[in-house]
file data-v3.cif (mmCIF, C-alpha atoms)
data_structure
#
loop_
_atom_site.label_atom_id
_atom_site.label_comp_id
_atom_site.auth_asym_id
_atom_site.auth_seq_id
_atom_site.Cartn_x
_atom_site.Cartn_y
_atom_site.Cartn_z
CA MET A 19 -21.67 -32.73 6.57
CA ARG A 20 -24.71 -33.02 4.31
CA ALA A 21 -26.89 -31.26 6.91
CA ILE A 22 -24.36 -28.43 7.25
CA TRP A 23 -24.24 -27.95 3.49
CA THR A 24 -28.06 -27.97 3.23
CA LEU A 25 -28.28 -25.21 5.84
CA ALA A 26 -25.56 -23.22 4.06
CA VAL A 27 -27.37 -23.45 0.70
CA LYS A 28 -30.60 -22.26 2.32
CA ASP A 29 -28.87 -19.21 3.81
CA LEU A 30 -27.12 -18.43 0.53
CA ARG A 31 -30.44 -18.45 -1.33
CA LEU A 32 -31.89 -16.02 1.19
CA PHE A 33 -28.80 -13.87 0.87
CA VAL A 34 -28.89 -13.48 -2.93
CA ARG A 35 -32.59 -12.56 -2.75
CA ASP A 36 -31.82 -9.64 -0.44
CA ARG A 37 -31.03 -6.77 -2.80
CA LEU A 38 -29.93 -4.41 -0.04
CA SER A 39 -27.39 -6.93 1.22
CA LEU A 40 -26.09 -7.44 -2.31
CA PHE A 41 -25.63 -3.68 -2.62
CA TRP A 42 -23.38 -3.54 0.46
CA VAL A 43 -21.47 -6.65 -0.60
CA LEU A 44 -20.90 -5.87 -4.30
CA ALA A 45 -21.92 -2.37 -5.39
CA PHE A 46 -20.60 -0.38 -2.42
CA PRO A 47 -17.11 -1.97 -2.45
CA LEU A 48 -16.93 -1.42 -6.20
CA VAL A 49 -17.77 2.27 -5.79
CA LEU A 50 -15.02 2.53 -3.16
CA ALA A 51 -12.51 0.84 -5.47
CA LEU A 52 -13.29 3.20 -8.34
CA PHE A 53 -13.21 6.28 -6.12
CA PHE A 54 -9.96 5.54 -4.31
CA GLY A 55 -8.35 4.15 -7.45
CA ALA A 56 -8.99 7.41 -9.27
CA MET A 57 -7.88 9.44 -6.26
CA PHE A 58 -4.63 7.50 -5.72
CA GLY A 59 -3.72 7.78 -9.36
CA GLY A 60 -1.98 11.05 -8.61
CA GLY A 61 -2.08 14.08 -6.42
CA ASP A 62 -0.02 15.69 -3.77
CA GLY A 63 -0.48 16.96 -0.26
CA GLU A 64 0.83 17.09 3.25
CA ARG A 65 2.00 13.71 4.47
CA ALA A 66 3.51 12.18 7.56
CA LYS A 67 7.28 11.86 7.88
CA MET A 68 8.54 9.45 5.24
CA LYS A 69 10.72 6.49 6.15
CA VAL A 70 13.23 6.06 3.33
CA VAL A 71 15.96 3.45 2.90
CA VAL A 72 19.16 4.51 1.12
CA VAL A 73 21.64 2.38 -0.84
CA ASP A 74 25.02 4.09 -1.29
CA GLN A 75 26.98 2.45 -4.11
CA THR A 76 29.70 5.13 -4.23
CA GLY A 77 31.81 3.61 -1.49
CA GLY A 78 31.40 6.60 0.81
CA GLY A 79 31.44 9.34 -1.81
CA ALA A 80 27.90 10.46 -0.97
CA THR A 81 28.38 11.09 2.75
CA GLY A 82 27.79 14.82 2.46
CA PHE A 83 24.68 14.40 0.34
CA LEU A 84 23.24 11.82 2.75
CA GLY A 85 23.92 14.13 5.67
CA ARG A 86 21.99 16.96 4.04
CA LEU A 87 19.16 14.62 3.06
CA ALA A 88 18.90 13.26 6.60
CA THR A 89 18.48 16.74 8.08
CA THR A 90 15.66 17.62 5.68
CA ASP A 91 12.24 18.09 7.27
CA GLY A 92 9.69 15.42 6.46
CA ILE A 93 12.07 12.51 5.88
CA GLU A 94 13.69 9.82 8.00
CA ILE A 95 16.40 7.69 6.41
CA ASP A 96 18.31 4.53 7.15
CA THR A 97 20.62 2.44 4.99
CA ALA A 98 20.58 -1.00 3.39
CA LYS A 99 23.53 -3.12 2.33
CA SER A 100 22.21 -3.88 -1.13
CA LEU A 101 19.63 -2.69 -3.61
CA ASP A 102 17.74 -5.98 -3.28
CA ASP A 103 17.47 -5.50 0.49
CA ALA A 104 16.14 -1.97 -0.01
CA ARG A 105 13.60 -3.13 -2.61
CA ASN A 106 12.35 -5.84 -0.26
CA LEU A 107 11.84 -3.32 2.55
CA VAL A 108 9.75 -1.08 0.28
CA ARG A 109 7.92 -3.97 -1.37
CA ARG A 110 6.88 -5.36 2.02
CA GLY A 111 5.67 -1.95 3.19
CA LYS A 112 8.39 -1.53 5.83
CA ARG A 113 9.67 1.64 4.17
CA VAL A 114 7.92 4.23 2.03
CA ALA A 115 10.65 4.54 -0.61
CA LEU A 116 14.25 3.84 -1.52
CA VAL A 117 16.97 6.14 -2.80
CA GLU A 118 19.72 4.46 -4.81
CA ILE A 119 22.95 6.45 -5.17
CA ARG A 120 24.78 4.99 -8.13
CA PRO A 121 28.57 4.57 -8.41
CA ASP A 122 29.07 7.51 -10.80
CA PHE A 123 27.31 9.97 -8.47
CA ASP A 124 29.24 13.18 -7.83
CA ASP A 125 28.33 14.97 -4.62
CA GLY A 126 29.66 18.25 -5.93
CA GLY A 127 26.98 20.79 -6.68
CA PHE A 128 28.91 21.66 -9.83
CA SER A 129 28.08 18.25 -11.27
CA MET A 130 24.82 19.92 -12.31
CA PHE A 131 26.74 22.01 -14.87
CA GLY A 132 27.03 20.84 -18.43
CA ARG A 133 24.89 17.70 -18.25
CA SER A 134 23.96 16.36 -21.65
CA ASP A 135 20.46 15.07 -22.39
CA ASP A 136 21.63 11.47 -22.72
CA ALA A 137 23.63 11.43 -19.49
CA ALA A 138 22.65 8.54 -17.20
CA ALA A 139 20.85 9.29 -13.96
CA THR A 140 23.05 9.04 -10.88
CA ILE A 141 20.21 8.78 -8.34
CA ALA A 142 17.18 6.49 -8.54
CA ILE A 143 14.01 6.74 -6.45
CA GLY A 144 11.58 3.87 -5.92
CA VAL A 145 8.29 4.42 -4.08
CA ASP A 146 5.77 1.95 -2.69
CA PRO A 147 2.99 1.83 -5.34
CA SER A 148 0.41 2.52 -2.64
CA ARG A 149 2.25 5.74 -1.71
CA THR A 150 2.46 7.47 -5.10
CA ALA A 151 1.54 10.84 -3.57
CA GLU A 152 4.98 10.92 -1.93
CA ARG A 153 6.94 10.42 -5.17
CA GLY A 154 7.02 14.09 -6.14
CA MET A 155 7.71 15.18 -2.57
CA LEU A 156 10.70 12.84 -2.25
CA GLN A 157 12.12 13.92 -5.59
CA GLY A 158 11.86 17.54 -4.45
CA LEU A 159 13.71 16.76 -1.21
CA VAL A 160 16.49 14.98 -3.11
CA THR A 161 16.84 17.93 -5.49
CA GLN A 162 16.94 20.30 -2.54
CA ALA A 163 19.80 18.32 -1.00
CA LEU A 164 21.69 18.47 -4.32
CA PHE A 165 21.38 22.26 -4.52
CA ALA A 166 22.36 22.57 -0.85
CA GLY A 167 25.68 20.98 -1.77
CA LEU A 168 26.32 23.74 -4.27
CA GLY A 169 25.63 26.38 -1.62
CA GLU A 170 28.12 24.79 0.77
CA GLN A 171 30.85 24.71 -1.86
CA MET A 172 30.34 28.33 -2.86
CA THR A 173 31.12 29.36 0.72
CA ASN A 174 34.28 27.23 0.75
CA PRO A 175 36.89 28.60 -1.72
CA ALA A 176 38.99 25.42 -1.72
CA GLN A 177 36.05 23.17 -2.54
CA MET A 178 34.74 25.61 -5.11
CA GLN A 179 38.06 25.80 -6.96
CA ALA A 180 38.37 22.02 -6.96
CA GLN A 181 34.90 21.72 -8.43
CA THR A 182 35.40 24.40 -11.08
CA LYS A 183 38.60 22.65 -12.15
CA GLN A 184 36.70 19.40 -12.49
CA VAL A 185 34.03 21.13 -14.58
CA ARG A 186 36.70 22.66 -16.87
CA ASP A 187 38.22 19.23 -17.41
CA SER A 188 34.78 17.85 -18.30
CA LEU A 189 34.13 20.74 -20.67
CA ALA A 190 37.44 20.13 -22.43
CA GLN A 191 36.42 16.52 -23.10
CA ALA A 192 32.82 17.28 -24.11
CA THR A 193 32.13 16.55 -27.76
CA THR A 194 28.42 17.35 -27.95
CA MET A 195 28.60 21.09 -27.29
CA THR A 196 29.54 23.99 -29.50
CA ALA A 197 32.50 26.27 -28.95
CA ALA A 198 30.16 29.07 -27.85
CA GLN A 199 28.64 26.85 -25.18
CA ARG A 200 32.04 25.75 -23.94
CA ASP A 201 33.28 29.33 -23.78
CA SER A 202 30.19 30.44 -21.86
CA LEU A 203 30.55 27.74 -19.23
CA THR A 204 34.30 28.28 -18.96
CA SER A 205 33.70 31.98 -18.37
CA LEU A 206 31.24 31.11 -15.64
CA MET A 207 33.79 28.85 -13.96
CA ASN A 208 36.38 31.64 -14.11
CA ALA A 209 33.91 34.05 -12.55
CA LEU A 210 33.17 31.61 -9.76
CA ASP A 211 36.88 31.23 -9.10
CA GLY A 212 37.03 34.97 -8.59
CA LEU A 213 34.00 34.80 -6.21
CA SER A 214 32.03 37.03 -8.56
CA LEU A 215 29.09 35.34 -10.28
CA SER A 216 28.30 36.23 -13.86
CA GLN A 217 25.82 34.73 -16.27
CA GLY A 218 26.59 33.20 -19.60
CA ASP A 219 24.26 32.46 -22.45
CA PRO A 220 24.50 28.78 -23.34
CA GLY A 221 21.93 29.02 -26.09
CA THR A 222 19.39 26.35 -26.78
CA ALA A 223 21.57 23.29 -27.26
CA SER A 224 21.37 19.89 -25.64
CA VAL A 225 23.55 20.85 -22.67
CA SER A 226 22.11 22.69 -19.67
CA PRO A 227 24.30 25.24 -17.82
CA MET A 228 22.97 24.13 -14.43
CA SER A 229 20.20 21.61 -13.91
CA THR A 230 19.29 18.50 -11.92
CA GLU A 231 17.12 17.27 -14.78
CA GLY A 232 18.11 13.75 -15.66
CA MET A 233 20.15 13.26 -12.47
CA VAL A 234 17.22 11.67 -10.62
CA GLU A 235 14.94 8.99 -12.07
CA SER A 236 12.07 6.90 -10.74
CA VAL A 237 12.19 3.10 -10.71
CA ASP A 238 9.39 0.59 -10.17
CA ILE A 239 9.26 -1.41 -6.96
CA ALA A 240 6.46 -3.84 -7.83
CA HIS A 241 7.60 -6.70 -10.03
CA ASP A 242 5.61 -7.07 -13.24
CA PRO A 243 6.82 -9.31 -16.10
CA SER A 244 4.81 -7.27 -18.60
CA ARG A 245 6.89 -4.21 -17.72
CA LYS A 246 3.76 -2.07 -17.97
CA PRO A 247 2.95 0.59 -15.37
CA ARG A 248 0.80 -0.70 -12.55
CA SER A 249 -2.74 0.63 -12.32
CA SER A 250 -3.85 2.51 -9.22
CA TYR A 251 -6.73 0.03 -9.06
CA ASP A 252 -4.21 -2.66 -8.12
CA VAL A 253 -3.85 -0.71 -4.89
CA SER A 254 -7.50 0.20 -4.29
CA PHE A 255 -9.15 -3.17 -4.99
CA PRO A 256 -7.81 -5.08 -1.94
CA SER A 257 -9.46 -2.59 0.42
CA SER A 258 -12.71 -2.71 -1.57
CA ILE A 259 -12.77 -6.52 -1.36
CA VAL A 260 -12.45 -6.32 2.43
CA TRP A 261 -15.52 -4.09 2.45
CA GLY A 262 -17.27 -6.89 0.57
CA PHE A 263 -16.30 -9.34 3.31
CA MET A 264 -17.62 -6.92 5.90
CA GLY A 265 -20.92 -6.58 4.02
CA CYS A 266 -21.30 -10.36 4.00
CA ALA A 267 -20.57 -10.63 7.72
CA THR A 268 -23.10 -7.92 8.56
CA ALA A 269 -25.78 -9.43 6.32
CA PHE A 270 -25.46 -12.94 7.77
CA ALA A 271 -25.27 -11.67 11.36
CA THR A 272 -28.53 -9.78 10.83
CA ASN A 273 -30.11 -12.83 9.24
CA MET A 274 -29.21 -14.96 12.26
CA VAL A 275 -30.98 -12.53 14.58
CA ARG A 276 -33.99 -12.45 12.26
CA GLU A 277 -34.23 -16.26 12.36
CA ARG A 278 -33.77 -16.26 16.12
CA ARG A 279 -36.66 -13.79 16.58
CA ALA A 280 -38.84 -15.65 14.07
CA GLY A 281 -38.29 -18.96 15.83
CA THR A 282 -36.45 -20.57 12.92
CA LEU A 283 -33.36 -21.32 15.01
CA LEU A 284 -35.51 -22.84 17.72
CA ARG A 285 -37.17 -25.16 15.21
CA LEU A 286 -33.75 -26.18 13.93
CA ARG A 287 -32.63 -26.83 17.50
CA VAL A 288 -35.50 -29.21 18.21
CA SER A 289 -34.80 -31.08 14.98
CA PRO A 290 -32.21 -33.89 14.85
CA LEU A 291 -29.61 -31.23 14.03
CA THR A 292 -27.19 -30.26 16.77
CA ARG A 293 -26.13 -26.71 17.67
CA ALA A 294 -22.79 -27.42 15.98
CA HIS A 295 -24.57 -28.29 12.73
CA VAL A 296 -26.59 -25.08 12.78
CA LEU A 297 -23.67 -22.77 13.57
CA ALA A 298 -21.37 -24.54 11.12
CA GLY A 299 -24.00 -24.16 8.38
CA LYS A 300 -24.31 -20.42 9.10
CA GLY A 301 -20.55 -20.02 9.07
CA LEU A 302 -20.13 -21.98 5.84
CA ALA A 303 -22.75 -19.84 4.09
CA CYS A 304 -21.02 -16.61 5.13
CA PHE A 305 -17.63 -18.05 4.11
CA VAL A 306 -18.84 -19.08 0.64
CA ALA A 307 -20.64 -15.77 0.10
CA GLY A 308 -17.47 -13.85 0.96
CA LEU A 309 -15.43 -15.86 -1.51
CA GLY A 310 -18.07 -15.43 -4.20
CA ALA A 311 -18.23 -11.66 -3.71
CA SER A 312 -14.43 -11.31 -3.74
CA GLY A 313 -14.24 -13.39 -6.90
CA LEU A 314 -16.78 -11.19 -8.68
CA LEU A 315 -15.00 -8.00 -7.60
CA LEU A 316 -11.61 -9.32 -8.68
CA GLY A 317 -13.00 -10.53 -11.97
CA PHE A 318 -14.43 -7.10 -12.72
CA GLY A 319 -11.17 -5.44 -11.72
CA ALA A 320 -9.08 -7.73 -13.92
CA LEU A 321 -11.33 -7.59 -17.00
CA ALA A 322 -12.52 -3.97 -16.89
CA LEU A 323 -9.77 -2.08 -15.05
CA GLY A 324 -6.63 -4.07 -15.81
CA VAL A 325 -5.89 -5.25 -12.26
CA ARG A 326 -2.92 -7.65 -12.52
CA ILE A 327 -2.41 -10.50 -10.06
CA GLY A 328 1.14 -11.38 -9.15
CA ASP A 329 0.60 -14.81 -7.57
CA PRO A 330 -2.85 -16.43 -7.99
CA VAL A 331 -2.11 -19.21 -5.47
CA LEU A 332 -1.15 -16.79 -2.71
CA LEU A 333 -4.15 -14.63 -3.59
CA ILE A 334 -6.49 -17.61 -3.13
CA MET A 335 -4.85 -18.34 0.22
CA SER A 336 -5.29 -14.74 1.34
CA LEU A 337 -8.95 -14.70 0.25
CA LEU A 338 -9.62 -17.93 2.13
CA ALA A 339 -8.04 -16.57 5.29
CA ALA A 340 -9.80 -13.21 5.01
CA SER A 341 -13.18 -14.85 4.41
CA ALA A 342 -12.63 -17.11 7.42
CA CYS A 343 -11.68 -14.08 9.53
CA PHE A 344 -14.85 -12.16 8.71
CA THR A 345 -16.93 -15.30 9.17
CA GLY A 346 -15.64 -15.44 12.73
CA LEU A 347 -16.44 -11.76 13.19
CA MET A 348 -19.94 -12.45 11.84
CA MET A 349 -20.54 -14.86 14.71
CA VAL A 350 -19.58 -12.19 17.24
CA MET A 351 -21.73 -9.54 15.55
CA SER A 352 -24.75 -11.88 15.58
CA VAL A 353 -24.83 -11.89 19.40
CA ILE A 354 -24.22 -8.22 20.17
CA GLY A 355 -27.99 -7.45 20.11
CA LYS A 356 -31.40 -9.08 20.28
CA THR A 357 -33.03 -7.33 17.31
CA GLU A 358 -32.11 -6.86 13.67
CA ALA A 359 -31.72 -3.10 14.12
CA ALA A 360 -29.49 -3.55 17.16
CA VAL A 361 -27.24 -6.06 15.41
CA ALA A 362 -27.04 -4.07 12.18
CA GLY A 363 -26.24 -0.84 14.01
CA GLY A 364 -23.89 -2.52 16.46
CA SER A 365 -22.04 -4.27 13.65
CA TRP A 366 -21.29 -1.02 11.86
CA ILE A 367 -20.33 0.66 15.13
CA MET A 368 -17.92 -2.18 15.86
CA MET A 369 -16.48 -2.49 12.38
CA MET A 370 -16.20 1.12 11.26
CA PRO A 371 -13.36 2.03 13.68
CA LEU A 372 -11.51 -1.12 12.62
CA ALA A 373 -12.00 -0.13 8.98
CA MET A 374 -10.79 3.42 9.63
CA ILE A 375 -7.57 2.41 11.40
CA GLY A 376 -6.96 -0.58 9.11
CA GLY A 377 -6.83 1.30 5.81
CA GLY A 378 -10.39 0.62 4.69
CA MET A 379 -11.40 4.29 4.84
CA ILE A 380 -8.40 6.41 5.78
CA PRO A 381 -5.30 5.52 3.72
CA LEU A 382 -2.38 4.37 5.86
CA ILE A 383 -0.25 7.11 4.26
CA ALA A 384 -2.36 9.76 6.00
CA MET A 385 -2.04 8.27 9.49
CA PRO A 386 0.26 9.53 12.25
CA PRO A 387 2.71 7.00 13.75
CA TRP A 388 0.53 6.19 16.79
CA LEU A 389 -2.41 5.35 14.55
CA LEU A 390 -0.21 3.17 12.34
CA THR A 391 0.67 1.18 15.45
CA ALA A 392 -3.01 0.87 16.37
CA SER A 393 -3.77 -0.43 12.86
CA ASN A 394 -2.00 -3.68 13.75
CA PHE A 395 -5.08 -4.60 15.80
CA SER A 396 -7.44 -4.29 12.83
CA PRO A 397 -8.32 -7.32 10.70
CA PHE A 398 -8.84 -4.91 7.80
CA LYS A 399 -5.12 -4.16 7.70
CA TRP A 400 -4.03 -7.79 7.60
CA ALA A 401 -6.63 -8.75 5.02
CA ILE A 402 -5.57 -5.86 2.78
CA TYR A 403 -1.88 -6.57 3.41
CA GLY A 404 -2.27 -10.22 2.46
CA MET A 405 -4.08 -9.43 -0.79
CA GLU A 406 -1.55 -6.73 -1.67
CA GLY A 407 1.21 -9.29 -1.11
CA ALA A 408 -0.32 -11.55 -3.75
CA ILE A 409 -1.36 -8.82 -6.21
CA TRP A 410 1.63 -6.48 -6.37
CA ARG A 411 3.95 -6.73 -3.35
CA ASP A 412 5.40 -9.99 -4.74
CA PHE A 413 5.32 -11.80 -1.38
CA SER A 414 6.94 -15.17 -0.97
CA LEU A 415 5.12 -17.95 0.86
CA ALA A 416 7.16 -17.27 4.00
CA GLU A 417 6.28 -13.57 3.89
CA MET A 418 2.61 -14.40 3.43
CA LEU A 419 2.46 -16.65 6.49
CA TRP A 420 2.39 -13.75 8.95
CA PRO A 421 -0.80 -12.00 7.71
CA LEU A 422 -2.44 -15.37 7.04
CA SER A 423 -1.69 -16.56 10.58
CA ILE A 424 -3.14 -13.39 12.11
CA LEU A 425 -6.32 -13.66 10.04
CA LEU A 426 -6.81 -17.32 10.97
CA MET A 427 -6.20 -16.61 14.67
CA ILE A 428 -8.86 -13.89 14.56
CA ALA A 429 -11.20 -16.30 12.77
CA VAL A 430 -10.85 -19.03 15.39
CA GLY A 431 -10.96 -16.66 18.36
CA ALA A 432 -13.94 -14.63 17.14
CA PHE A 433 -15.96 -17.65 16.06
CA GLY A 434 -15.29 -19.36 19.39
CA LEU A 435 -16.31 -16.23 21.31
CA GLY A 436 -19.53 -15.95 19.32
CA VAL A 437 -20.42 -19.58 19.94
CA TRP A 438 -19.70 -19.23 23.67
CA ILE A 439 -21.96 -16.15 23.99
CA SER A 440 -24.65 -17.87 21.93
CA ARG A 441 -24.67 -20.89 24.24
CA ARG A 442 -24.94 -18.72 27.33
CA ARG A 443 -27.78 -16.70 25.80
CA ASP A 444 -29.71 -19.68 24.36
CA PRO A 445 -28.77 -22.72 26.46
#
call {"tool": "encode", "arguments": {"input": "data-v3.cif", "output": "structure tokens"}}
result
Amino acid sequence: MRAIWTLAVKDLRLFVRDRLSLFWVLAFPLVLALFFGAMFGGGDGERAKMKVVVVDQTGGGATGFLGRLATTDGIEIDTAKSLDDARNLVRRGKRVALVEIRPDFDDGGFSMFGRSDDAAATIAIGVDPSRTAERGMLQGLVTQALFAGLGEQMTNPAQMQAQTKQVRDSLAQATTMTAAQRDSLTSLMNALDGLSLSQGDPGTASVSPMSTEGMVESVDIAHDPSRKPRSSYDVSFPSSIVWGFMGCATAFATNMVRERRAGTLLRLRVSPLTRAHVLAGKGLACFVAGLGASGLLLGFGALALGVRIGDPVLLIMSLLAASACFTGLMMVMSVIGKTEAAVAGGSWIMMMPLAMIGGGMIPLIAMPPWLLTASNFSPFKWAIYGMEGAIWRDFSLAEMLWPLSILLMIAVGAFGLGVWISRRRDP
């Protein structure tokens, strides 16, 4: 073990002296984190079809609304038995968002009449923190479905009269509006009963004649005891840390080729050290460098940008597994060419597609379904997913086992493949 550690320390010293390698391991991931963090902080745009889970707490009173929402372009819905189940689906990234329909929800389009400013919201929307661009789009689709209900009722006299009667009853019991406001809205209900729309002038009081404002509210999915809004950097830093792991793997793979061409590996082979000692020392150096780089990036994120860590123990486990995974990939990259240029170029050619489909470059929210399926084969996805689970997805240990297992399987398989190719090339 002492020989392995001595070799690892030697490689680490060479690594920290290489300024270009340090740039790709520390500076480049940090630039990515700042860029994507600022970009994900808001914005809108065309997105793939959203998968939304719905919780209906009305006991069946929202069937019509759900039917209209389900037929809306750009959304795909299913249901959950409880709000906790729906939150878990969104928190684990299985669904983009949840829509909670609360018990006092009224599917009638006329429920939009006469809402006071302090009236409680009857619909709540919760969106995956990594998918904030969809929040406004989903709220617009929900509002559209609410207005569609009004259109259906206005073409059905029986439903319209039932709704106008309900509104009159509510107006009679309202205590926060003036007589002029009540008369205006009552006149409007009378006009609707006669199938002839007329406009009233409700004035500028605290009651809106017809509005969905206040009916729909946003709720947080990520658990945070401080109850402060999560920073977009909580979402961008996991992907930037994976770029740091990739930079370490590429740097150490190139260094192995350099030592092979310079004869350093041959001199180590003829020493009392075995091949296992040499390869283990190289792997340990890459593993330690990856952990060190991730620690520095996380420290900067926490101190300078307010990145908040949900579970430090699970985060350490995810970093260990991710570092082991990219150490295994380093061993494969070190044998894909015989020169430094070939290995460096081949490493980026091999890793860039994995980064693109795994969320390291192209956000998963912008991917079509077939590409989302392909992302399951990328170590980038599972490394990011594991770190997100510890930082803001609030994963339990059982939920964390799946990404950790995949990362460790890649680590063992890739390292073993690299060693096998190395033995065949340099018997």
call {"tool": "resolve_selection", "arguments": {"input": "data-v3.cif", "expression": "the PyMOL selection byres ((chain A and resi 27) around 12)", "output": "PyMOL selection string"}}
result
chain A and resi 20-26+28-34+299-307
call {"tool": "atom_distance", "arguments": {"input": "data-v3.cif", "atom1": "CA of Leu283 in chain A", "atom2": "CA of Ser312 in chain A"}}
result
28.5 Å
call {"tool": "closest_residue", "arguments": {"input": "data-v3.cif", "among": "A:Ser423, A:Ser250, A:Ser341, A:Ser289", "to": "Phe263 in chain A", "atoms": "all atoms listed in the file"}}
result
A:Ser341
call {"tool": "residues_around", "arguments": {"input": "data-v3.cif", "residues": "Ala342 in chain A", "least_positions_apart": "2", "cutoff": "10 Å", "atoms": "only C-alpha atoms", "output": "list in words"}}
result
Phe263, Gly301, Leu302, Cys304, Phe305, Val306, Gly308, Leu309, Ser336, Leu337, Leu338, Ala339, Ala340, Phe344, Thr345, Gly346, Leu347, Met348, Leu425, Leu426, Met427, Ile428, Ala429, Val430 and Phe433 of chain A
call {"tool": "atom_distance", "arguments": {"input": "data-v3.cif", "atom1": "CA of Ser258 in chain A", "atom2": "CA of Ala311 in chain A"}}
result
10.7 Å
call {"tool": "resolve_selection", "arguments": {"input": "data-v3.cif", "expression": "the PyMOL selection byres ((chain A and resi 354) around 10)", "output": "NGL selection string"}}
result
:A and (271 or 275 or 349-353 or 355-357 or 360-365 or 368 or 436 or 439-440)
call {"tool": "atom_distance", "arguments": {"input": "data-v3.cif", "atom1": "CA of Met155 in chain A", "atom2": "CA of Pro256 in chain A"}}
result
25.5 Å
call {"tool": "closest_residue", "arguments": {"input": "data-v3.cif", "among": "A:Pro387, A:Pro330, A:Gly281, A:Pro147", "to": "Lys69 in chain A", "atoms": "all atoms listed in the file"}}
result
A:Pro387
call {"tool": "build_atoms", "arguments": {"input": "data-v3.cif", "residues": "range 306-311 of chain A", "atoms": "all heavy atoms", "output": "PDB file, keeping the file's coordinate frame"}}
result
ATOM      1  N   VAL A 306     -18.676 -18.908   2.093  1.00  0.00           N
ATOM      2  CA  VAL A 306     -18.840 -19.080   0.640  1.00  0.00           C
ATOM      3  C   VAL A 306     -19.280 -17.768   0.003  1.00  0.00           C
ATOM      4  O   VAL A 306     -18.816 -17.395  -1.084  1.00  0.00           O
ATOM      5  CB  VAL A 306     -19.841 -20.208   0.347  1.00  0.00           C
ATOM      6  CG1 VAL A 306     -20.158 -20.274  -1.138  1.00  0.00           C
ATOM      7  CG2 VAL A 306     -19.282 -21.546   0.824  1.00  0.00           C
ATOM      8  N   ALA A 307     -20.185 -17.039   0.659  1.00  0.00           N
ATOM      9  CA  ALA A 307     -20.640 -15.770   0.100  1.00  0.00           C
ATOM     10  C   ALA A 307     -19.493 -14.769   0.000  1.00  0.00           C
ATOM     11  O   ALA A 307     -19.384 -14.028  -0.982  1.00  0.00           O
ATOM     12  CB  ALA A 307     -21.767 -15.193   0.966  1.00  0.00           C
ATOM     13  N   GLY A 308     -18.624 -14.736   1.011  1.00  0.00           N
ATOM     14  CA  GLY A 308     -17.470 -13.850   0.960  1.00  0.00           C
ATOM     15  C   GLY A 308     -16.536 -14.175  -0.179  1.00  0.00           C
ATOM     16  O   GLY A 308     -16.058 -13.282  -0.889  1.00  0.00           O
ATOM     17  N   LEU A 309     -16.285 -15.463  -0.390  1.00  0.00           N
ATOM     18  CA  LEU A 309     -15.430 -15.860  -1.510  1.00  0.00           C
ATOM     19  C   LEU A 309     -16.076 -15.524  -2.847  1.00  0.00           C
ATOM     20  O   LEU A 309     -15.394 -15.074  -3.784  1.00  0.00           O
ATOM     21  CB  LEU A 309     -15.144 -17.362  -1.434  1.00  0.00           C
ATOM     22  CG  LEU A 309     -14.223 -17.835  -0.299  1.00  0.00           C
ATOM     23  CD1 LEU A 309     -14.056 -19.353  -0.367  1.00  0.00           C
ATOM     24  CD2 LEU A 309     -12.862 -17.163  -0.392  1.00  0.00           C
ATOM     25  N   GLY A 310     -17.387 -15.743  -2.950  1.00  0.00           N
ATOM     26  CA  GLY A 310     -18.070 -15.430  -4.200  1.00  0.00           C
ATOM     27  C   GLY A 310     -18.027 -13.943  -4.510  1.00  0.00           C
ATOM     28  O   GLY A 310     -17.759 -13.531  -5.654  1.00  0.00           O
ATOM     29  N   ALA A 311     -18.272 -13.105  -3.507  1.00  0.00           N
ATOM     30  CA  ALA A 311     -18.230 -11.660  -3.710  1.00  0.00           C
ATOM     31  C   ALA A 311     -16.836 -11.187  -4.098  1.00  0.00           C
ATOM     32  O   ALA A 311     -16.665 -10.364  -5.008  1.00  0.00           O
ATOM     33  CB  ALA A 311     -18.702 -10.939  -2.449  1.00  0.00           C
TER      34      ALA A 311
END
